[in-house]
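Colleague: Take a look at the following structure, please.
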Amino acid sequence: MKITLSVIKADIGGFVGHSGVHPEVLQKVQEVGLKEVEKGNLIDCQTLVCGDDIALVMTHQHGVDSELVHGIAWRAFEEGTAVSKKLKLYGAGQDLLSDTFSGNVKGMGPGVAEMEFEERPSEPVIVFFADKTSPSAWNLPLYEMFADPMVCAGLVIDPKMHDGFTFEVLDTYTGKAVKLSTPAELYDLLALIGSVERYAVKSVWRNSDGEIAAVASTQRLSLIAGKYVGKDDPVMIVRAQSGFPAVGEVLEPFARPWIVEGWMRGSHNGPLMPVSFKQATPTRFDGPPRVIAAGYQIANGKLIGPRDLFDDPAFDRAREQAQLMADILRRQGIFEPHRLPSEEMEYTTLPKILKKLEDRFYELEEGKKAPTGEEHHTETD
Ligand code: F6R
Ligand code: MG
Ligand code: MG
């Protein structure tokens, strides 16, 4: 049976500030989704929450980019926004960038990760959902799950995984993508996806048979709207077991927290903390950035689950380490590298301040020119 798993998420209002979702808003979004299950438009529909974002997890047989399915998500978020507005929640409807739906939610604010596949005899999938960070936060764990044998033993041991995986990488500045096959092109892949401000992994396929393995949302709200409209908190779907990384191999990268862009005002580096559903409420300095993992078994398109996969003492140490990393970074206050470089900040006062001080700058060292960036990294370096 061929099914499509679509995860579409949006921030349609925070409770309180940007830290959580109000239960009435969630209930409304859920209600709209479930009505579509009753009508037979969706096979199944659930909601997940991470911070101030809601994700609709939907199964159906309409394929990816379905106008019907995107329309359902849009309507659910619109109706949820009406509740948000009534309660005067913070930033009510902030991710719905248009008044009208025009066939596809892409480019209209919500984040989308969806994949179509033939349901296996048993189909374990994991939906990751993060708040206070951006889609390139998935670059490091996707590399470790699908290309690093020190993390994913299956790459060496499982004959179905031994040919490696192909990564589709999006250049978020130009909208162009490139496919790189690992292990052969691993170093080229890492050269790109280590530049997290620009490149984001969009999807991953198994080389031996071209099966889809993972898909991430890669919308960048800041680029869509041309002005700050909130951080593009990402979702990701990963298939697990029998020829894909085991559930434990998929989760392993998150046991060692790393630093991602986002956090307060979308303008800071901070550790990505793996948390249970209940702890997905970023409050310290609006963070630190959180990630949840919802595990499902899909049975004839029905979502069996979720299991709250980070609700496990084995991730307690990662949470402790993330707290320590947060303390260390917070010590830097407004100074880089805790604060992002000015061109990476979601909003900045720097151009205004420079304008104001323009006439007050004077020559202190003669004959110096501002660097253009071109003079570094020549071949003779
Ligand atoms: C980051 C985020 C928050 C807000 C911050 C200021 O993604 O959502 O950290 O940026 O709370 O919010 P405003 O500007 O709405 O007061
Ligand atoms: Mg928000
Ligand atoms: Mg958010």
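If you're wondering about the labels, chains in the structure tokens are A, B, ... by order shown, residues count from 1 in each chain, ligands from 1 in order shown.
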Could you pull out the strand (DSSP E) residues of stretch 9-123 of chain A from DSSP and send them as a compact mmCIF listing (two decimals) with N, CA and C atoms, in the first residue's frame?

Modeller:
```txt
# COMPACT_ATOMS: atom_id res chain seq x y z
N LYS A 9 3.77 22.19 9.75
CA LYS A 9 3.80 22.87 11.05
C LYS A 9 3.75 24.39 10.90
N ALA A 10 3.23 25.03 11.96
CA ALA A 10 3.20 26.48 11.98
C ALA A 10 3.13 26.99 13.42
N ASP A 44 -5.30 9.22 8.58
CA ASP A 44 -5.13 9.49 10.00
C ASP A 44 -4.56 10.89 10.17
N CYS A 45 -4.72 11.44 11.37
CA CYS A 45 -4.20 12.79 11.63
C CYS A 45 -3.97 12.96 13.12
N GLN A 46 -2.79 13.43 13.48
CA GLN A 46 -2.49 13.73 14.87
C GLN A 46 -1.79 15.08 14.93
N THR A 47 -1.66 15.61 16.15
CA THR A 47 -0.91 16.86 16.30
C THR A 47 0.25 16.64 17.25
N LEU A 48 1.33 17.39 17.03
CA LEU A 48 2.47 17.43 17.95
C LEU A 48 2.73 18.89 18.29
N VAL A 49 3.33 19.11 19.47
CA VAL A 49 3.67 20.47 19.87
C VAL A 49 5.14 20.51 20.27
N CYS A 50 5.84 21.54 19.80
CA CYS A 50 7.19 21.81 20.32
C CYS A 50 7.29 23.33 20.49
N ASP A 53 5.07 25.99 18.51
CA ASP A 53 4.69 25.49 17.18
C ASP A 53 3.81 24.25 17.27
N ILE A 54 2.88 24.14 16.32
CA ILE A 54 2.01 22.96 16.21
C ILE A 54 2.30 22.27 14.88
N ALA A 55 2.45 20.93 14.92
CA ALA A 55 2.61 20.17 13.68
C ALA A 55 1.41 19.25 13.50
N LEU A 56 0.88 19.22 12.27
CA LEU A 56 -0.12 18.22 11.91
C LEU A 56 0.61 17.05 11.28
N VAL A 57 0.40 15.87 11.83
CA VAL A 57 1.01 14.65 11.27
C VAL A 57 -0.12 13.91 10.57
N MET A 58 -0.05 13.84 9.24
CA MET A 58 -1.19 13.31 8.46
C MET A 58 -0.75 12.17 7.55
N THR A 59 -1.58 11.14 7.46
CA THR A 59 -1.34 10.08 6.47
C THR A 59 -2.50 10.08 5.48
N HIS A 60 -2.18 9.76 4.22
CA HIS A 60 -3.20 9.82 3.16
C HIS A 60 -2.65 9.16 1.91
N GLY A 111 5.97 25.18 7.72
CA GLY A 111 7.05 24.28 7.31
C GLY A 111 6.46 22.94 6.91
N VAL A 112 7.05 22.30 5.89
CA VAL A 112 6.51 21.04 5.37
C VAL A 112 7.60 19.99 5.22
N ALA A 113 7.34 18.78 5.72
CA ALA A 113 8.18 17.62 5.40
C ALA A 113 7.21 16.51 5.03
N GLU A 114 7.33 15.98 3.82
CA GLU A 114 6.42 14.89 3.45
C GLU A 114 7.11 13.91 2.52
N MET A 115 6.71 12.66 2.62
CA MET A 115 7.29 11.60 1.77
C MET A 115 6.22 10.56 1.44
N GLU A 116 6.36 9.99 0.22
CA GLU A 116 5.46 8.93 -0.21
C GLU A 116 6.26 7.64 -0.28
N PHE A 117 5.72 6.55 0.23
CA PHE A 117 6.43 5.26 0.17
C PHE A 117 5.45 4.11 0.24
N GLU A 118 5.94 2.97 -0.21
CA GLU A 118 5.21 1.71 -0.10
C GLU A 118 5.35 1.26 1.35
N GLU A 123 6.42 -0.62 9.60
CA GLU A 123 6.95 0.68 9.13
C GLU A 123 7.18 1.63 10.31
```

Colleague: Counting only C-alpha atoms and all ligand atoms, which protein, DNA or RNA residues come within 12 Å of ligand 1, given as a PDB file with N, CA, C and O atoms, in the first residue's frame?

Modeller:
```pdb
ATOM      1  N   ASP A  11       3.615  28.207  13.590  1.00  0.00           N
ATOM      2  CA  ASP A  11       3.443  28.928  14.853  1.00  0.00           C
ATOM      3  C   ASP A  11       2.276  29.868  14.615  1.00  0.00           C
ATOM      4  O   ASP A  11       2.370  30.814  13.827  1.00  0.00           O
ATOM      5  N   ILE A  12       1.156  29.592  15.287  1.00  0.00           N
ATOM      6  CA  ILE A  12      -0.020  30.453  15.057  1.00  0.00           C
ATOM      7  C   ILE A  12      -0.395  31.204  16.335  1.00  0.00           C
ATOM      8  O   ILE A  12      -1.520  31.653  16.502  1.00  0.00           O
ATOM      9  N   GLY A  13       0.587  31.293  17.240  1.00  0.00           N
ATOM     10  CA  GLY A  13       0.349  32.067  18.464  1.00  0.00           C
ATOM     11  C   GLY A  13       0.957  31.367  19.658  1.00  0.00           C
ATOM     12  O   GLY A  13       0.785  30.168  19.823  1.00  0.00           O
ATOM     13  N   GLY A  14       1.692  32.132  20.470  1.00  0.00           N
ATOM     14  CA  GLY A  14       2.404  31.540  21.605  1.00  0.00           C
ATOM     15  C   GLY A  14       1.685  31.763  22.916  1.00  0.00           C
ATOM     16  O   GLY A  14       0.948  32.742  23.102  1.00  0.00           O
ATOM     17  N   PHE A  15       1.903  30.814  23.861  1.00  0.00           N
ATOM     18  CA  PHE A  15       1.309  30.875  25.187  1.00  0.00           C
ATOM     19  C   PHE A  15       2.347  30.390  26.171  1.00  0.00           C
ATOM     20  O   PHE A  15       2.673  29.229  26.158  1.00  0.00           O
ATOM     21  N   VAL A  16       2.982  31.157  26.933  1.00  0.00           N
ATOM     22  CA  VAL A  16       2.981  32.614  27.053  1.00  0.00           C
ATOM     23  C   VAL A  16       4.183  33.129  26.263  1.00  0.00           C
ATOM     24  O   VAL A  16       5.232  32.493  26.291  1.00  0.00           O
ATOM     25  N   GLY A  17       4.070  34.278  25.613  1.00  0.00           N
ATOM     26  CA  GLY A  17       5.150  34.756  24.746  1.00  0.00           C
ATOM     27  C   GLY A  17       5.386  33.725  23.653  1.00  0.00           C
ATOM     28  O   GLY A  17       4.453  33.311  22.969  1.00  0.00           O
ATOM     29  N   HIS A  18       6.640  33.283  23.513  1.00  0.00           N
ATOM     30  CA  HIS A  18       6.969  32.297  22.466  1.00  0.00           C
ATOM     31  C   HIS A  18       7.249  30.910  23.068  1.00  0.00           C
ATOM     32  O   HIS A  18       7.937  30.106  22.468  1.00  0.00           O
ATOM     33  N   SER A  19       6.729  30.640  24.295  1.00  0.00           N
ATOM     34  CA  SER A  19       7.202  29.434  25.000  1.00  0.00           C
ATOM     35  C   SER A  19       6.333  28.193  24.834  1.00  0.00           C
ATOM     36  O   SER A  19       6.798  27.083  25.082  1.00  0.00           O
ATOM     37  N   GLY A  20       5.083  28.351  24.452  1.00  0.00           N
ATOM     38  CA  GLY A  20       4.223  27.171  24.382  1.00  0.00           C
ATOM     39  C   GLY A  20       2.990  27.402  23.527  1.00  0.00           C
ATOM     40  O   GLY A  20       2.840  28.461  22.900  1.00  0.00           O
ATOM     41  N   GLY A  51       7.465  23.773  21.717  1.00  0.00           N
ATOM     42  CA  GLY A  51       7.502  25.212  21.991  1.00  0.00           C
ATOM     43  C   GLY A  51       6.206  25.860  21.555  1.00  0.00           C
ATOM     44  O   GLY A  51       5.116  25.396  21.902  1.00  0.00           O
ATOM     45  N   ASP A  52       6.320  26.916  20.740  1.00  0.00           N
ATOM     46  CA  ASP A  52       5.118  27.637  20.312  1.00  0.00           C
ATOM     47  C   ASP A  52       4.616  27.162  18.946  1.00  0.00           C
ATOM     48  O   ASP A  52       3.820  27.843  18.302  1.00  0.00           O
ATOM     49  N   ASP A  53       5.073  25.988  18.512  1.00  0.00           N
ATOM     50  CA  ASP A  53       4.690  25.487  17.181  1.00  0.00           C
ATOM     51  C   ASP A  53       3.807  24.247  17.273  1.00  0.00           C
ATOM     52  O   ASP A  53       3.999  23.411  18.151  1.00  0.00           O
ATOM     53  N   LEU A  89      -3.381  35.630  22.128  1.00  0.00           N
ATOM     54  CA  LEU A  89      -2.103  34.953  22.331  1.00  0.00           C
ATOM     55  C   LEU A  89      -1.017  35.692  21.567  1.00  0.00           C
ATOM     56  O   LEU A  89      -1.309  36.505  20.684  1.00  0.00           O
ATOM     57  N   TYR A  90       0.243  35.382  21.884  1.00  0.00           N
ATOM     58  CA  TYR A  90       1.323  36.180  21.335  1.00  0.00           C
ATOM     59  C   TYR A  90       1.647  35.789  19.889  1.00  0.00           C
ATOM     60  O   TYR A  90       1.933  34.642  19.603  1.00  0.00           O
ATOM     61  N   GLY A  91       1.614  36.757  19.009  1.00  0.00           N
ATOM     62  CA  GLY A  91       1.921  36.504  17.594  1.00  0.00           C
ATOM     63  C   GLY A  91       0.867  35.617  16.941  1.00  0.00           C
ATOM     64  O   GLY A  91       1.205  34.726  16.154  1.00  0.00           O
ATOM     65  N   ALA A  92      -0.402  35.862  17.249  1.00  0.00           N
ATOM     66  CA  ALA A  92      -1.485  35.025  16.710  1.00  0.00           C
ATOM     67  C   ALA A  92      -1.431  34.997  15.178  1.00  0.00           C
ATOM     68  O   ALA A  92      -1.433  36.040  14.529  1.00  0.00           O
ATOM     69  N   GLN A  94       1.057  34.160  13.265  1.00  0.00           N
ATOM     70  CA  GLN A  94       2.291  34.773  12.721  1.00  0.00           C
ATOM     71  C   GLN A  94       2.874  34.044  11.504  1.00  0.00           C
ATOM     72  O   GLN A  94       3.498  34.655  10.659  1.00  0.00           O
ATOM     73  N   ASP A  95       2.666  32.719  11.415  1.00  0.00           N
ATOM     74  CA  ASP A  95       3.265  31.990  10.283  1.00  0.00           C
ATOM     75  C   ASP A  95       2.338  31.897   9.072  1.00  0.00           C
ATOM     76  O   ASP A  95       2.705  31.286   8.063  1.00  0.00           O
ATOM     77  N   ALA A 130      11.544  20.617  16.150  1.00  0.00           N
ATOM     78  CA  ALA A 130      12.392  21.474  16.992  1.00  0.00           C
ATOM     79  C   ALA A 130      11.827  22.882  17.070  1.00  0.00           C
ATOM     80  O   ALA A 130      11.146  23.353  16.156  1.00  0.00           O
ATOM     81  N   ASP A 131      12.115  23.551  18.180  1.00  0.00           N
ATOM     82  CA  ASP A 131      11.710  24.951  18.332  1.00  0.00           C
ATOM     83  C   ASP A 131      12.931  25.790  18.682  1.00  0.00           C
ATOM     84  O   ASP A 131      13.850  25.324  19.350  1.00  0.00           O
ATOM     85  N   LYS A 132      12.912  27.044  18.217  1.00  0.00           N
ATOM     86  CA  LYS A 132      13.977  28.035  18.429  1.00  0.00           C
ATOM     87  C   LYS A 132      15.265  27.662  17.697  1.00  0.00           C
ATOM     88  O   LYS A 132      16.367  27.857  18.198  1.00  0.00           O
ATOM     89  N   THR A 133      15.105  27.111  16.500  1.00  0.00           N
ATOM     90  CA  THR A 133      16.265  26.878  15.647  1.00  0.00           C
ATOM     91  C   THR A 133      15.807  26.872  14.195  1.00  0.00           C
ATOM     92  O   THR A 133      14.682  27.293  13.901  1.00  0.00           O
ATOM     93  N   SER A 134      16.667  26.398  13.280  1.00  0.00           N
ATOM     94  CA  SER A 134      16.331  26.483  11.854  1.00  0.00           C
ATOM     95  C   SER A 134      16.600  25.129  11.182  1.00  0.00           C
ATOM     96  O   SER A 134      17.225  24.253  11.773  1.00  0.00           O
ATOM     97  N   LEU A 221      11.643  31.223   6.709  1.00  0.00           N
ATOM     98  CA  LEU A 221      10.681  32.317   6.764  1.00  0.00           C
ATOM     99  C   LEU A 221      11.323  33.662   6.485  1.00  0.00           C
ATOM    100  O   LEU A 221      10.753  34.510   5.824  1.00  0.00           O
ATOM    101  N   SER A 222      12.547  33.836   6.997  1.00  0.00           N
ATOM    102  CA  SER A 222      13.174  35.146   6.846  1.00  0.00           C
ATOM    103  C   SER A 222      13.365  35.479   5.372  1.00  0.00           C
ATOM    104  O   SER A 222      13.225  36.615   4.956  1.00  0.00           O
ATOM    105  N   TYR A 228      11.752  40.016   9.232  1.00  0.00           N
ATOM    106  CA  TYR A 228      11.646  39.059  10.327  1.00  0.00           C
ATOM    107  C   TYR A 228      10.195  38.732  10.624  1.00  0.00           C
ATOM    108  O   TYR A 228       9.383  39.596  10.884  1.00  0.00           O
ATOM    109  N   VAL A 229       9.864  37.432  10.543  1.00  0.00           N
ATOM    110  CA  VAL A 229       8.490  37.030  10.848  1.00  0.00           C
ATOM    111  C   VAL A 229       8.476  35.830  11.799  1.00  0.00           C
ATOM    112  O   VAL A 229       7.501  35.140  11.919  1.00  0.00           O
ATOM    113  N   GLY A 230       9.591  35.594  12.458  1.00  0.00           N
ATOM    114  CA  GLY A 230       9.654  34.438  13.362  1.00  0.00           C
ATOM    115  C   GLY A 230      10.622  33.422  12.810  1.00  0.00           C
ATOM    116  O   GLY A 230      10.867  33.367  11.617  1.00  0.00           O
ATOM    117  N   LYS A 231      11.162  32.599  13.705  1.00  0.00           N
ATOM    118  CA  LYS A 231      12.161  31.608  13.300  1.00  0.00           C
ATOM    119  C   LYS A 231      11.476  30.458  12.568  1.00  0.00           C
ATOM    120  O   LYS A 231      10.341  30.108  12.860  1.00  0.00           O
ATOM    121  N   ASP A 232      12.182  29.855  11.604  1.00  0.00           N
ATOM    122  CA  ASP A 232      11.613  28.761  10.807  1.00  0.00           C
ATOM    123  C   ASP A 232      11.874  27.422  11.489  1.00  0.00           C
ATOM    124  O   ASP A 232      12.682  26.630  11.034  1.00  0.00           O
ATOM    125  N   ASP A 233      11.205  27.226  12.620  1.00  0.00           N
ATOM    126  CA  ASP A 233      11.414  26.014  13.412  1.00  0.00           C
ATOM    127  C   ASP A 233      11.090  24.770  12.590  1.00  0.00           C
ATOM    128  O   ASP A 233      10.020  24.676  12.001  1.00  0.00           O
ATOM    129  N   PRO A 234      12.035  23.803  12.532  1.00  0.00           N
ATOM    130  CA  PRO A 234      11.925  22.742  11.525  1.00  0.00           C
ATOM    131  C   PRO A 234      11.318  21.418  12.009  1.00  0.00           C
ATOM    132  O   PRO A 234      11.331  21.102  13.192  1.00  0.00           O
ATOM    133  N   GLU A 261      21.866  27.343  15.454  1.00  0.00           N
ATOM    134  CA  GLU A 261      21.483  28.761  15.402  1.00  0.00           C
ATOM    135  C   GLU A 261      20.030  28.919  15.825  1.00  0.00           C
ATOM    136  O   GLU A 261      19.203  28.086  15.468  1.00  0.00           O
ATOM    137  N   GLY A 262      19.726  29.972  16.533  1.00  0.00           N
ATOM    138  CA  GLY A 262      18.328  30.219  16.896  1.00  0.00           C
ATOM    139  C   GLY A 262      18.225  30.914  18.231  1.00  0.00           C
ATOM    140  O   GLY A 262      18.686  32.026  18.400  1.00  0.00           O
ATOM    141  N   TRP A 263      17.629  30.215  19.173  1.00  0.00           N
ATOM    142  CA  TRP A 263      17.483  30.650  20.569  1.00  0.00           C
ATOM    143  C   TRP A 263      16.866  32.054  20.614  1.00  0.00           C
ATOM    144  O   TRP A 263      16.024  32.392  19.799  1.00  0.00           O
ATOM    145  N   MET A 264      17.294  32.853  21.596  1.00  0.00           N
ATOM    146  CA  MET A 264      16.658  34.165  21.799  1.00  0.00           C
ATOM    147  C   MET A 264      16.705  35.019  20.532  1.00  0.00           C
ATOM    148  O   MET A 264      17.763  35.220  19.948  1.00  0.00           O
ATOM    149  N   ARG A 265      15.547  35.509  20.124  1.00  0.00           N
ATOM    150  CA  ARG A 265      15.403  36.415  18.979  1.00  0.00           C
ATOM    151  C   ARG A 265      15.996  35.847  17.700  1.00  0.00           C
ATOM    152  O   ARG A 265      16.385  36.580  16.805  1.00  0.00           O
ATOM    153  N   GLY A 266      16.086  34.507  17.638  1.00  0.00           N
ATOM    154  CA  GLY A 266      16.635  33.859  16.445  1.00  0.00           C
ATOM    155  C   GLY A 266      18.039  34.350  16.134  1.00  0.00           C
ATOM    156  O   GLY A 266      18.486  34.266  14.997  1.00  0.00           O
ATOM    157  N   SER A 267      18.760  34.811  17.128  1.00  0.00           N
ATOM    158  CA  SER A 267      20.011  35.529  16.880  1.00  0.00           C
ATOM    159  C   SER A 267      21.170  35.018  17.709  1.00  0.00           C
ATOM    160  O   SER A 267      22.167  35.723  17.897  1.00  0.00           O
ATOM    161  N   HIS A 268      21.051  33.795  18.225  1.00  0.00           N
ATOM    162  CA  HIS A 268      22.093  33.255  19.099  1.00  0.00           C
ATOM    163  C   HIS A 268      22.411  31.807  18.754  1.00  0.00           C
ATOM    164  O   HIS A 268      21.573  31.080  18.234  1.00  0.00           O
ATOM    165  N   ASN A 269      23.630  31.400  19.098  1.00  0.00           N
ATOM    166  CA  ASN A 269      23.992  29.989  19.063  1.00  0.00           C
ATOM    167  C   ASN A 269      23.644  29.365  20.402  1.00  0.00           C
ATOM    168  O   ASN A 269      23.864  29.971  21.455  1.00  0.00           O
ATOM    169  N   GLY A 270      23.128  28.148  20.365  1.00  0.00           N
ATOM    170  CA  GLY A 270      22.800  27.463  21.618  1.00  0.00           C
ATOM    171  C   GLY A 270      22.700  25.970  21.385  1.00  0.00           C
ATOM    172  O   GLY A 270      22.557  25.514  20.243  1.00  0.00           O
ATOM    173  N   THR A 281       9.155  23.175  26.250  1.00  0.00           N
ATOM    174  CA  THR A 281       8.672  24.529  26.543  1.00  0.00           C
ATOM    175  C   THR A 281       9.870  25.437  26.787  1.00  0.00           C
ATOM    176  O   THR A 281      10.274  25.627  27.932  1.00  0.00           O
ATOM    177  N   PRO A 282      10.455  25.986  25.742  1.00  0.00           N
ATOM    178  CA  PRO A 282      11.683  26.780  25.905  1.00  0.00           C
ATOM    179  C   PRO A 282      11.435  28.087  26.650  1.00  0.00           C
ATOM    180  O   PRO A 282      10.793  28.988  26.124  1.00  0.00           O
ATOM    181  N   THR A 283      11.952  28.174  27.877  1.00  0.00           N
ATOM    182  CA  THR A 283      11.685  29.371  28.684  1.00  0.00           C
ATOM    183  C   THR A 283      12.953  30.102  29.119  1.00  0.00           C
ATOM    184  O   THR A 283      12.907  31.293  29.362  1.00  0.00           O
ATOM    185  N   ARG A 284      14.094  29.380  29.250  1.00  0.00           N
ATOM    186  CA  ARG A 284      15.300  30.088  29.698  1.00  0.00           C
ATOM    187  C   ARG A 284      15.897  30.877  28.535  1.00  0.00           C
ATOM    188  O   ARG A 284      16.399  30.301  27.586  1.00  0.00           O
ATOM    189  N   PHE A 285      15.864  32.197  28.641  1.00  0.00           N
ATOM    190  CA  PHE A 285      16.347  33.048  27.559  1.00  0.00           C
ATOM    191  C   PHE A 285      15.661  32.571  26.261  1.00  0.00           C
ATOM    192  O   PHE A 285      16.263  32.429  25.216  1.00  0.00           O
ATOM    193  N   ASP A 286      14.368  32.283  26.398  1.00  0.00           N
ATOM    194  CA  ASP A 286      13.543  31.734  25.293  1.00  0.00           C
ATOM    195  C   ASP A 286      14.145  30.438  24.733  1.00  0.00           C
ATOM    196  O   ASP A 286      14.039  30.151  23.532  1.00  0.00           O
ATOM    197  N   GLY A 287      14.751  29.637  25.570  1.00  0.00           N
ATOM    198  CA  GLY A 287      15.361  28.411  25.061  1.00  0.00           C
ATOM    199  C   GLY A 287      15.765  27.516  26.199  1.00  0.00           C
ATOM    200  O   GLY A 287      15.085  27.524  27.223  1.00  0.00           O
ATOM    201  N   PRO A 288      16.899  26.824  26.146  1.00  0.00           N
ATOM    202  CA  PRO A 288      17.637  26.654  24.902  1.00  0.00           C
ATOM    203  C   PRO A 288      16.791  25.905  23.867  1.00  0.00           C
ATOM    204  O   PRO A 288      15.776  25.299  24.219  1.00  0.00           O
ATOM    205  N   PRO A 289      17.190  25.950  22.585  1.00  0.00           N
ATOM    206  CA  PRO A 289      16.441  25.261  21.536  1.00  0.00           C
ATOM    207  C   PRO A 289      16.102  23.828  21.948  1.00  0.00           C
ATOM    208  O   PRO A 289      16.921  23.162  22.588  1.00  0.00           O
ATOM    209  N   ARG A 290      14.879  23.388  21.616  1.00  0.00           N
ATOM    210  CA  ARG A 290      14.427  22.043  22.015  1.00  0.00           C
ATOM    211  C   ARG A 290      14.148  21.188  20.802  1.00  0.00           C
ATOM    212  O   ARG A 290      13.770  21.700  19.747  1.00  0.00           O
ATOM    213  N   MET A 345      21.676  37.377  12.021  1.00  0.00           N
ATOM    214  CA  MET A 345      20.669  37.657  13.041  1.00  0.00           C
ATOM    215  C   MET A 345      19.312  37.869  12.398  1.00  0.00           C
ATOM    216  O   MET A 345      19.216  38.367  11.290  1.00  0.00           O
ATOM    217  N   GLU A 346      18.273  37.469  13.115  1.00  0.00           N
ATOM    218  CA  GLU A 346      16.929  37.609  12.548  1.00  0.00           C
ATOM    219  C   GLU A 346      16.512  39.073  12.442  1.00  0.00           C
ATOM    220  O   GLU A 346      15.812  39.464  11.547  1.00  0.00           O
ATOM    221  N   TYR A 347      16.952  39.850  13.405  1.00  0.00           N
ATOM    222  CA  TYR A 347      16.762  41.286  13.259  1.00  0.00           C
ATOM    223  C   TYR A 347      17.896  41.989  13.970  1.00  0.00           C
ATOM    224  O   TYR A 347      18.433  41.491  14.941  1.00  0.00           O
ATOM    225  N   THR A 348      18.278  43.113  13.425  1.00  0.00           N
ATOM    226  CA  THR A 348      19.449  43.778  13.987  1.00  0.00           C
ATOM    227  C   THR A 348      19.290  45.294  13.888  1.00  0.00           C
ATOM    228  O   THR A 348      18.658  45.812  12.975  1.00  0.00           O
TER     229      THR A 348
END
```

Colleague: Which residue gives the smallest distance to A:Gly194 among A:Pro121, A:Pro141, A:Gly154, A:Pro271, with only C-alpha atoms counted?

Modeller: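 So, comparing all the options, the nearest one is A:Pro141.
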
Colleague: Using only C-alpha atoms, which residues sit within 6 Å of stretch 165-172 of chain A once same-chain residues fewer than 2 positions away are excluded, as a list in words?

Modeller: Thr174, Gly175, Lys176, Ala177, Val178, Lys179, Leu180, Ser181, Thr182, Arg198, Tyr199, Ala200, Val201, Lys202, Ser203, Val204, Trp205, Arg206 and Asn207 of chain A
